[in-house]
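Text of the file final.txt, holding compact mmCIF, C-alpha atoms:
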# COMPACT_ATOMS: atom_id res chain seq x y z
CA MET D 1 -42.12 -44.32 78.68
CA ILE D 2 -40.46 -41.98 76.19
CA LYS D 3 -37.84 -44.66 75.59
CA LYS D 4 -40.57 -47.19 74.77
CA LEU D 5 -42.47 -44.84 72.49
CA LEU D 6 -39.39 -43.50 70.68
CA PRO D 7 -36.77 -46.26 70.72
CA HIS D 8 -34.72 -44.55 68.03
CA PRO D 9 -35.29 -40.76 67.98
CA ALA D 10 -32.78 -40.15 65.17
CA LEU D 11 -34.60 -42.64 62.92
CA THR D 12 -37.91 -40.98 63.80
CA VAL D 13 -36.61 -37.56 62.76
CA THR D 14 -35.05 -38.99 59.58
CA LEU D 15 -38.27 -40.77 58.59
CA ILE D 16 -40.37 -37.63 59.13
CA LEU D 17 -37.92 -35.55 57.11
CA VAL D 18 -37.72 -38.06 54.24
CA TRP D 19 -41.51 -38.37 54.24
CA MET D 20 -41.94 -34.59 54.03
CA LEU D 21 -39.35 -34.38 51.25
CA LEU D 22 -41.05 -37.18 49.30
CA ALA D 23 -44.42 -35.42 49.60
CA ASN D 24 -42.64 -32.22 48.47
CA ARG D 25 -45.15 -29.89 50.13
CA LEU D 26 -45.79 -28.73 53.65
CA THR D 27 -49.28 -29.71 54.82
CA VAL D 28 -50.58 -30.57 58.26
CA GLY D 29 -51.99 -33.86 56.97
CA GLY D 30 -48.67 -34.85 55.48
CA LEU D 31 -46.86 -33.95 58.69
CA VAL D 32 -49.28 -36.01 60.80
CA LEU D 33 -48.84 -39.02 58.51
CA GLY D 34 -45.06 -38.51 58.64
CA VAL D 35 -45.10 -38.42 62.44
CA VAL D 36 -47.23 -41.60 62.55
CA ILE D 37 -44.74 -43.38 60.26
CA GLY D 38 -41.82 -41.96 62.21
CA VAL D 39 -43.21 -43.35 65.47
CA VAL D 40 -44.54 -46.71 64.25
CA VAL D 41 -41.61 -47.83 62.07
CA PRO D 42 -38.88 -47.55 64.78
CA ILE D 43 -41.10 -49.45 67.24
CA LEU D 44 -41.72 -52.24 64.71
CA THR D 45 -38.07 -52.46 63.65
CA SER D 46 -36.41 -52.04 67.06
CA PRO D 47 -35.74 -55.81 67.40
CA PHE D 48 -33.47 -55.44 64.35
CA TRP D 49 -31.04 -53.11 66.15
CA PRO D 50 -29.96 -54.51 69.45
CA ASP D 51 -26.97 -52.62 70.90
CA ARG D 52 -26.93 -50.00 68.18
CA PRO D 53 -24.04 -47.58 68.57
CA LYS D 54 -24.61 -44.31 70.33
CA VAL D 55 -24.22 -41.52 67.84
CA ARG D 56 -23.59 -38.05 69.18
CA PHE D 57 -25.46 -35.42 67.18
CA GLY D 58 -23.41 -32.41 68.03
CA PRO D 59 -21.03 -29.94 66.40
CA ALA D 60 -18.64 -32.83 65.67
CA THR D 61 -21.25 -34.56 63.48
CA TRP D 62 -22.19 -31.45 61.50
CA GLY D 63 -18.54 -30.47 61.22
CA TYR D 64 -17.79 -33.91 59.79
CA LEU D 65 -20.62 -33.61 57.24
CA GLY D 66 -19.35 -30.21 56.15
CA LEU D 67 -15.78 -31.48 55.90
CA VAL D 68 -16.83 -34.44 53.75
CA LEU D 69 -18.94 -32.25 51.45
CA TRP D 70 -16.03 -29.83 51.04
CA ASP D 71 -13.64 -32.73 50.35
CA ILE D 72 -16.01 -34.14 47.70
CA VAL D 73 -15.92 -30.80 45.86
CA THR D 74 -12.11 -30.47 46.02
CA ALA D 75 -11.68 -34.18 45.25
CA SER D 76 -13.76 -33.81 42.11
CA PHE D 77 -11.53 -31.02 40.85
CA GLN D 78 -8.38 -33.08 41.54
CA ILE D 79 -9.74 -36.17 39.83
CA ALA D 80 -11.04 -34.13 36.90
CA MET D 81 -7.53 -32.71 36.43
CA ILE D 82 -6.01 -36.21 36.57
CA VAL D 83 -8.58 -37.54 34.10
CA LEU D 84 -8.02 -34.71 31.65
CA PHE D 85 -4.29 -34.07 31.83
CA LYS D 86 -2.42 -37.01 33.32
CA LYS D 87 -1.11 -39.79 31.11
CA SER D 88 -2.14 -43.29 32.10
CA GLU D 89 1.51 -44.38 32.38
CA ASP D 90 2.20 -41.64 34.93
CA LEU D 91 -0.54 -42.74 37.30
CA ARG D 92 0.90 -43.88 40.61
CA SER D 93 -2.05 -45.99 41.72
CA ALA D 94 -1.50 -48.10 44.80
CA TRP D 95 -3.24 -50.36 47.28
CA LEU D 96 -3.39 -48.96 50.79
CA VAL D 97 -4.01 -50.86 53.99
CA VAL D 98 -5.67 -48.68 56.61
CA PRO D 99 -5.49 -50.22 60.08
CA LEU D 100 -8.66 -49.38 61.99
CA ASP D 101 -9.09 -48.08 65.51
CA LEU D 102 -12.85 -48.01 65.00
CA ARG D 103 -14.63 -51.16 66.11
CA SER D 104 -18.37 -50.82 65.53
CA PRO D 105 -19.50 -52.00 62.06
CA GLU D 106 -21.59 -48.83 61.59
CA ALA D 107 -18.60 -46.56 62.16
CA ILE D 108 -16.42 -48.63 59.82
CA THR D 109 -19.16 -48.42 57.17
CA MET D 110 -19.24 -44.64 57.53
CA LEU D 111 -15.46 -44.48 57.15
CA ALA D 112 -15.51 -46.75 54.09
CA GLY D 113 -18.24 -44.65 52.48
CA THR D 114 -16.33 -41.46 53.23
CA ILE D 115 -13.14 -42.89 51.73
CA SER D 116 -15.01 -43.83 48.56
CA MET D 117 -16.46 -40.32 48.17
CA THR D 118 -13.28 -38.31 48.84
CA PRO D 119 -9.96 -37.56 47.08
CA GLY D 120 -8.61 -40.32 44.87
CA THR D 121 -9.47 -43.27 47.08
CA VAL D 122 -12.05 -46.06 46.86
CA SER D 123 -12.49 -48.54 49.69
CA CYS D 124 -12.66 -52.11 48.41
CA ASP D 125 -12.53 -54.61 51.21
CA VAL D 126 -12.24 -55.16 54.93
CA SER D 127 -9.97 -57.72 56.58
CA SER D 128 -11.74 -60.80 57.87
CA CYS D 129 -11.15 -59.69 61.45
CA GLY D 130 -12.62 -56.27 60.63
CA ARG D 131 -9.55 -54.33 61.75
CA ALA D 132 -8.13 -53.08 58.45
CA LEU D 133 -9.57 -51.57 55.28
CA LEU D 134 -8.27 -52.24 51.78
CA VAL D 135 -8.28 -48.98 49.84
CA HIS D 136 -7.33 -48.28 46.24
CA ALA D 137 -5.70 -44.92 45.56
CA LEU D 138 -5.79 -43.51 42.03
CA ASP D 139 -2.67 -41.38 42.17
CA THR D 140 -0.59 -41.12 45.30
CA PRO D 141 3.11 -40.26 45.55
CA ASP D 142 3.32 -41.45 49.18
CA PRO D 143 0.97 -44.26 50.28
CA GLY D 144 2.03 -43.98 53.93
CA ALA D 145 1.11 -40.29 54.08
CA GLU D 146 -2.24 -41.04 52.43
CA VAL D 147 -3.06 -43.64 55.11
CA ALA D 148 -2.04 -41.18 57.84
CA ARG D 149 -4.26 -38.51 56.25
CA ILE D 150 -7.29 -40.82 56.21
CA LYS D 151 -6.72 -41.76 59.84
CA ARG D 152 -6.18 -38.19 60.99
CA ARG D 153 -8.83 -36.46 58.93
CA TYR D 154 -11.71 -38.93 58.99
CA GLU D 155 -11.16 -41.72 61.48
CA ALA D 156 -10.19 -39.46 64.39
CA ARG D 157 -13.37 -37.43 63.85
CA LEU D 158 -15.56 -40.55 63.52
CA LYS D 159 -14.16 -41.88 66.79
CA ARG D 160 -15.51 -38.78 68.51
CA ILE D 161 -18.94 -39.17 66.84
CA PHE D 162 -19.36 -42.91 67.51
CA ALA D 163 -18.37 -42.80 71.15
CA MET F 1 -34.23 -9.18 23.68
CA MET F 2 -35.00 -11.43 26.58
CA ASP F 3 -34.60 -10.26 30.13
CA VAL F 4 -31.63 -12.01 31.74
CA GLY F 5 -31.49 -11.69 35.50
CA PRO F 6 -28.74 -12.78 37.89
CA PHE F 7 -30.62 -16.00 38.64
CA GLU F 8 -30.63 -17.04 35.01
CA ILE F 9 -26.87 -16.50 34.81
CA LEU F 10 -26.26 -18.42 38.04
CA ILE F 11 -28.51 -21.30 36.95
CA SER F 12 -26.93 -21.48 33.51
CA ALA F 13 -23.43 -21.47 35.03
CA LEU F 14 -24.36 -24.31 37.40
CA LEU F 15 -25.89 -26.30 34.53
CA VAL F 16 -22.77 -25.90 32.40
CA ILE F 17 -20.44 -26.78 35.31
CA GLY F 18 -22.56 -29.82 36.14
CA GLY F 19 -22.59 -30.97 32.54
CA VAL F 20 -18.82 -30.55 32.23
CA PHE F 21 -18.15 -32.56 35.39
CA ALA F 22 -20.53 -35.34 34.33
CA LEU F 23 -18.77 -35.48 30.96
CA VAL F 24 -15.28 -35.53 32.55
CA GLY F 25 -16.38 -38.33 34.90
CA SER F 26 -17.62 -40.40 31.99
CA TRP F 27 -14.47 -39.63 30.02
CA GLY F 28 -12.44 -40.90 32.98
CA LEU F 29 -14.48 -44.09 32.91
CA ALA F 30 -13.65 -44.54 29.24
CA ARG F 31 -9.95 -43.63 29.19
CA MET F 32 -8.47 -45.01 32.43
CA PRO F 33 -6.33 -48.13 32.01
CA SER F 34 -7.87 -50.58 34.49
CA LEU F 35 -11.07 -51.20 36.38
CA MET F 36 -9.88 -49.88 39.74
CA THR F 37 -8.68 -46.62 38.21
CA ARG F 38 -11.92 -46.38 36.24
CA LEU F 39 -13.95 -46.52 39.42
CA HIS F 40 -12.57 -43.16 40.59
CA GLY F 41 -14.20 -41.00 37.92
CA PRO F 42 -17.85 -41.98 38.41
CA THR F 43 -17.72 -42.11 42.24
CA LYS F 44 -16.49 -38.55 42.66
CA VAL F 45 -16.53 -36.36 39.59
CA THR F 46 -19.96 -37.43 38.37
CA THR F 47 -21.34 -36.98 41.89
CA LEU F 48 -20.30 -33.34 41.82
CA GLY F 49 -21.75 -33.00 38.30
CA VAL F 50 -25.13 -34.31 39.37
CA GLY F 51 -24.94 -32.25 42.58
CA SER F 52 -24.36 -29.11 40.57
CA LEU F 53 -27.39 -29.83 38.34
CA LEU F 54 -29.49 -30.44 41.44
CA VAL F 55 -28.43 -27.11 43.00
CA ALA F 56 -29.38 -25.42 39.73
CA SER F 57 -32.79 -27.07 39.90
CA MET F 58 -33.22 -26.01 43.54
CA ILE F 59 -32.56 -22.38 42.59
CA PHE F 60 -34.68 -22.53 39.42
CA PHE F 61 -37.99 -23.52 40.98
CA PRO F 62 -38.24 -20.85 43.71
CA ALA F 63 -36.54 -18.08 41.70
CA ILE F 64 -38.15 -18.49 38.26
CA GLN F 65 -41.21 -20.70 38.63
CA GLY F 66 -42.32 -19.35 41.98
CA THR F 67 -42.84 -22.84 43.38
CA TYR F 68 -40.48 -24.83 45.50
CA SER F 69 -39.18 -28.34 45.28
CA ALA F 70 -37.26 -30.41 47.82
CA HIS F 71 -36.86 -33.62 45.86
CA GLU F 72 -33.31 -32.58 44.97
CA LEU F 73 -32.23 -33.02 48.60
CA LEU F 74 -33.58 -36.56 48.58
CA ILE F 75 -31.82 -37.34 45.30
CA THR F 76 -28.56 -36.06 46.82
CA LEU F 77 -29.08 -38.16 49.95
CA PHE F 78 -29.75 -41.36 48.00
CA LEU F 79 -26.85 -40.64 45.66
CA PHE F 80 -24.47 -40.33 48.63
CA LEU F 81 -25.84 -43.54 50.12
CA THR F 82 -25.63 -45.60 46.94
CA ALA F 83 -22.47 -44.38 45.17
CA PRO F 84 -19.93 -45.85 47.65
CA ILE F 85 -21.91 -49.09 47.94
CA SER F 86 -22.08 -49.72 44.20
CA ALA F 87 -18.37 -48.85 43.90
CA ASN F 88 -17.65 -51.36 46.66
CA MET F 89 -19.70 -54.07 44.98
CA ILE F 90 -17.93 -53.53 41.64
CA ALA F 91 -14.54 -53.59 43.39
CA LYS F 92 -15.38 -56.82 45.22
CA ALA F 93 -16.54 -58.54 42.04
CA HIS F 94 -13.32 -57.37 40.39
CA LEU F 95 -11.24 -58.74 43.30
CA HIS F 96 -12.92 -62.11 42.88
CA ARG F 97 -12.46 -62.26 39.13
CA GLN F 98 -8.81 -61.26 39.40
CA GLY F 99 -7.96 -63.20 42.56
CA ARG F 100 -9.41 -66.43 41.22
CA HIS F 101 -7.93 -65.88 37.74
CA ILE F 102 -11.33 -65.90 36.04
CA ASP F 103 -10.58 -62.64 34.24
CA PRO F 104 -8.21 -63.30 31.33
CA ASN F 105 -6.69 -59.80 31.56
CA PRO F 106 -4.57 -59.38 34.68
CA MET F 107 -4.71 -55.82 36.04
CA ASP F 108 -4.41 -53.79 39.22
CA ASP F 109 -1.87 -56.28 40.67
CA ILE F 110 -4.62 -58.28 42.32
CA ALA F 111 -3.64 -61.63 40.83
CA GLU F 112 -0.06 -61.06 42.01
CA GLY F 113 -1.31 -60.63 45.54
CA LEU F 114 -3.01 -57.92 47.53
CA PRO F 115 -1.06 -56.20 50.31
CA ASP F 116 -1.04 -58.07 53.58
CA THR F 117 -3.54 -56.96 56.20
CA GLY F 118 -0.72 -56.84 58.73
CA LEU F 119 -2.94 -58.62 61.22
CA GLY F 120 -2.36 -62.24 60.33
CA THR F 121 -5.77 -62.57 58.68
CA GLY F 122 -6.85 -62.33 55.05
CA TRP F 123 -9.31 -60.04 53.29
CA ALA F 124 -12.99 -60.64 53.79
CA THR F 125 -13.71 -61.04 50.06
CA PHE F 126 -11.62 -64.21 50.02
CA GLN F 127 -11.85 -65.47 53.59
CA GLY F 128 -15.25 -64.29 54.78
CA LEU F 129 -15.86 -62.22 57.88
CA ASP F 130 -14.79 -63.64 61.20
CA THR F 131 -17.86 -62.55 63.17
CA ASP F 132 -16.32 -63.61 66.49
CA GLN F 133 -13.81 -60.81 66.21
CA LEU F 134 -16.28 -58.21 65.02
CA ASN F 135 -18.31 -56.15 67.38
CA ILE F 136 -21.62 -57.59 66.14
CA PRO F 137 -24.23 -58.46 68.75
CA ARG F 138 -26.18 -61.65 68.16
Would you mind writing the structure in this file as structure tokens?
Amino acid sequence: MIKKLLPHPALTVTLILVWMLLANRLTVGGLVLGVVIGVVVPILTSPFWPDRPKVRFGPATWGYLGLVLWDIVTASFQIAMIVLFKKSEDLRSAWLVVPLDLRSPEAITMLAGTISMTPGTVSCDVSSCGRALLVHALDTPDPGAEVARIKRRYEARLKRIFA
Amino acid sequence: MMDVGPFEILISALLVIGGVFALVGSWGLARMPSLMTRLHGPTKVTTLGVGSLLVASMIFFPAIQGTYSAHELLITLFLFLTAPISANMIAKAHLHRQGRHIDPNPMDDIAEGLPDTGLGTGWATFQGLDTDQLNIPR
């Protein structure tokens, strides 16, 4: 019964939150409308997500969010330094190939987005079999170590979240 | 003389930091040598610049105006959702233009050949996704 009424609880919570933030004030009427949207939209759209991955909302998820936010701040300082003080000729930009252990498209999307937001790397492409990511690094002395860092720091954590 | 409280100082500092980062990001866009290197400035540095301005705004409204505003959180959320995607789209278009020799200026070593996937398959931009091997339910 609960499963039928709330096929996607995380989406319900997200919709209510986004609705409240859009309204920008806390009123009972707004909350009721938000709850109605949060219940109706997942029911209507549930045919669009068959077999969606199970996401664990636990300490691992929040820890990952915090880690990524922290990395965005430090990454910005690093890139700002490179932009301001490093000569273009001295840039050691390189293409990296990150072999993936993750299999679900959603998890790979999260990893690609994370790579694009964090230190000196932008994800560009995925292999046609979906098992490797093509990543461009702005300035890396050791491409192998950079790949290992991405796998250890982000992919290992995502594997625990998308179980 | 005007009364300057700690909030004013904090807000001003955040505004200046945000402005500096946005400027550095744009400067990176202008001075880097090739498209791929140019992508790095706007995806990261400018994000922090805008984030810093948004934090300043979130402190300003409750502390000075006495109202509150939560739109900044939404702006941050949408920024984080859209920045990697637009960077990816630009990179893919660039891969196409370089890989198919449409762009007259070779750069980023794409025309000379991207690194091998190591899996016996090509990159999706040029070969398309092999949905049989992906974990996509149909």
What's around region 143-157 of chain D at 12 Å? Count all atoms listed in the file, leave out sequence neighbours fewer than 3 positions away in its own chain, and write the answer as a short mmCIF file (atom, residue, chain, number, x, y, z; two decimals) with C-alpha atoms, in the frame of the given file.
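What ended up in out20.cif:
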data_model
loop_
_atom_site.label_atom_id
_atom_site.label_comp_id
_atom_site.auth_asym_id
_atom_site.auth_seq_id
_atom_site.Cartn_x
_atom_site.Cartn_y
_atom_site.Cartn_z
CA ARG D 56 -23.59 -38.05 69.18
CA GLY D 58 -23.41 -32.41 68.03
CA PRO D 59 -21.03 -29.94 66.40
CA ALA D 60 -18.64 -32.83 65.67
CA THR D 61 -21.25 -34.56 63.48
CA TRP D 62 -22.19 -31.45 61.50
CA GLY D 63 -18.54 -30.47 61.22
CA TYR D 64 -17.79 -33.91 59.79
CA LEU D 65 -20.62 -33.61 57.24
CA GLY D 66 -19.35 -30.21 56.15
CA LEU D 67 -15.78 -31.48 55.90
CA VAL D 68 -16.83 -34.44 53.75
CA ASP D 71 -13.64 -32.73 50.35
CA ARG D 92 0.90 -43.88 40.61
CA SER D 93 -2.05 -45.99 41.72
CA ALA D 94 -1.50 -48.10 44.80
CA TRP D 95 -3.24 -50.36 47.28
CA LEU D 96 -3.39 -48.96 50.79
CA VAL D 97 -4.01 -50.86 53.99
CA VAL D 98 -5.67 -48.68 56.61
CA PRO D 99 -5.49 -50.22 60.08
CA LEU D 100 -8.66 -49.38 61.99
CA ASP D 101 -9.09 -48.08 65.51
CA LEU D 102 -12.85 -48.01 65.00
CA ARG D 103 -14.63 -51.16 66.11
CA ALA D 107 -18.60 -46.56 62.16
CA ILE D 108 -16.42 -48.63 59.82
CA THR D 109 -19.16 -48.42 57.17
CA MET D 110 -19.24 -44.64 57.53
CA LEU D 111 -15.46 -44.48 57.15
CA ALA D 112 -15.51 -46.75 54.09
CA GLY D 113 -18.24 -44.65 52.48
CA THR D 114 -16.33 -41.46 53.23
CA ILE D 115 -13.14 -42.89 51.73
CA SER D 116 -15.01 -43.83 48.56
CA MET D 117 -16.46 -40.32 48.17
CA THR D 118 -13.28 -38.31 48.84
CA PRO D 119 -9.96 -37.56 47.08
CA GLY D 120 -8.61 -40.32 44.87
CA THR D 121 -9.47 -43.27 47.08
CA VAL D 122 -12.05 -46.06 46.86
CA SER D 123 -12.49 -48.54 49.69
CA ALA D 132 -8.13 -53.08 58.45
CA LEU D 133 -9.57 -51.57 55.28
CA LEU D 134 -8.27 -52.24 51.78
CA VAL D 135 -8.28 -48.98 49.84
CA HIS D 136 -7.33 -48.28 46.24
CA ALA D 137 -5.70 -44.92 45.56
CA LEU D 138 -5.79 -43.51 42.03
CA ASP D 139 -2.67 -41.38 42.17
CA THR D 140 -0.59 -41.12 45.30
CA ARG D 160 -15.51 -38.78 68.51
CA ILE D 161 -18.94 -39.17 66.84
CA PHE D 162 -19.36 -42.91 67.51
CA ALA D 163 -18.37 -42.80 71.15
#
Compute the chain F side of the contact with chain D at 8 Å, counting only C-alpha atoms, and hand it back as JSON, numbers by chain. {"F": [21, 24, 25, 27, 28, 31, 32, 33, 36, 37, 39, 40, 41, 43, 44, 45, 48, 69, 70, 71, 73, 74, 83, 84, 85, 87, 88, 91, 92, 114, 115, 116, 117, 119, 121, 122, 123, 124, 125, 127, 128, 129, 130, 131, 133, 134, 135, 136, 137]}
For C-alpha atoms, I'd like the residues from the last selection saved as a short mmCIF file (atom, residue, chain, number, x, y, z; two decimals), in the coordinates of the input.
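So result19.cif came out as:
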data_model
loop_
_atom_site.label_atom_id
_atom_site.label_comp_id
_atom_site.auth_asym_id
_atom_site.auth_seq_id
_atom_site.Cartn_x
_atom_site.Cartn_y
_atom_site.Cartn_z
CA PHE F 21 -18.15 -32.56 35.39
CA VAL F 24 -15.28 -35.53 32.55
CA GLY F 25 -16.38 -38.33 34.90
CA TRP F 27 -14.47 -39.63 30.02
CA GLY F 28 -12.44 -40.90 32.98
CA ARG F 31 -9.95 -43.63 29.19
CA MET F 32 -8.47 -45.01 32.43
CA PRO F 33 -6.33 -48.13 32.01
CA MET F 36 -9.88 -49.88 39.74
CA THR F 37 -8.68 -46.62 38.21
CA LEU F 39 -13.95 -46.52 39.42
CA HIS F 40 -12.57 -43.16 40.59
CA GLY F 41 -14.20 -41.00 37.92
CA THR F 43 -17.72 -42.11 42.24
CA LYS F 44 -16.49 -38.55 42.66
CA VAL F 45 -16.53 -36.36 39.59
CA LEU F 48 -20.30 -33.34 41.82
CA SER F 69 -39.18 -28.34 45.28
CA ALA F 70 -37.26 -30.41 47.82
CA HIS F 71 -36.86 -33.62 45.86
CA LEU F 73 -32.23 -33.02 48.60
CA LEU F 74 -33.58 -36.56 48.58
CA ALA F 83 -22.47 -44.38 45.17
CA PRO F 84 -19.93 -45.85 47.65
CA ILE F 85 -21.91 -49.09 47.94
CA ALA F 87 -18.37 -48.85 43.90
CA ASN F 88 -17.65 -51.36 46.66
CA ALA F 91 -14.54 -53.59 43.39
CA LYS F 92 -15.38 -56.82 45.22
CA LEU F 114 -3.01 -57.92 47.53
CA PRO F 115 -1.06 -56.20 50.31
CA ASP F 116 -1.04 -58.07 53.58
CA THR F 117 -3.54 -56.96 56.20
CA LEU F 119 -2.94 -58.62 61.22
CA THR F 121 -5.77 -62.57 58.68
CA GLY F 122 -6.85 -62.33 55.05
CA TRP F 123 -9.31 -60.04 53.29
CA ALA F 124 -12.99 -60.64 53.79
CA THR F 125 -13.71 -61.04 50.06
CA GLN F 127 -11.85 -65.47 53.59
CA GLY F 128 -15.25 -64.29 54.78
CA LEU F 129 -15.86 -62.22 57.88
CA ASP F 130 -14.79 -63.64 61.20
CA THR F 131 -17.86 -62.55 63.17
CA GLN F 133 -13.81 -60.81 66.21
CA LEU F 134 -16.28 -58.21 65.02
CA ASN F 135 -18.31 -56.15 67.38
CA ILE F 136 -21.62 -57.59 66.14
CA PRO F 137 -24.23 -58.46 68.75
#
Quick one: pull the distance between CA of Leu15 (chain F) and CA of Leu53 (chain F), Å, one decimal. 5.4 Å
Find the residues near region 29-39 of chain D: any atom within 7 Å, counting all atoms listed in the file, skip ones fewer than 5 places away on the same chain, and give them as a PyMOL selection string. chain D and resi 6+12-13+15-16+19-20
Excluding Gln98 (chain F) and any residue of its chain fewer than 2 positions from it, enumerate the residues within 12 Å of it, using only C-alpha atoms, and give them as a PyMOL selection string. chain F and resi 34-36+91-96+100-114+125-126
Calculate how many Å separate CA of Thr82 (chain F) from CA of Pro47 (chain D), rounding to one decimal.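 Between these atoms lies a distance of 25.0 Å.
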Write out as a PDB file with C-alpha atoms, keeping the file's coordinate frame the residues lying within 10 Å of region 6-9 of chain F, counting all atoms listed in the file and excluding same-chain residues fewer than 2 positions away.
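And here's part26.pdb as it stands now:
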ATOM      1  CA  ASP F   3     -34.600 -10.260  30.130  1.00  0.00           C
ATOM      2  CA  VAL F   4     -31.630 -12.010  31.740  1.00  0.00           C
ATOM      3  CA  ILE F  11     -28.510 -21.300  36.950  1.00  0.00           C
ATOM      4  CA  SER F  12     -26.930 -21.480  33.510  1.00  0.00           C
ATOM      5  CA  ALA F  13     -23.430 -21.470  35.030  1.00  0.00           C
ATOM      6  CA  LEU F  14     -24.360 -24.310  37.400  1.00  0.00           C
ATOM      7  CA  LEU F  15     -25.890 -26.300  34.530  1.00  0.00           C
ATOM      8  CA  ALA F  56     -29.380 -25.420  39.730  1.00  0.00           C
ATOM      9  CA  ILE F  59     -32.560 -22.380  42.590  1.00  0.00           C
ATOM     10  CA  PHE F  60     -34.680 -22.530  39.420  1.00  0.00           C
ATOM     11  CA  ALA F  63     -36.540 -18.080  41.700  1.00  0.00           C
ATOM     12  CA  ILE F  64     -38.150 -18.490  38.260  1.00  0.00           C
TER      13      ILE F  64
END
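The coordinates place CA of Val20 (chain F) at 19.9 Å from CA of Phe80 (chain F).
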Shortest contact to Ala10 (chain D), candidates D:Pro42, D:Trp70, D:Asp142, D:Leu158, atoms counted all atoms listed in the file, goes to D:Pro42
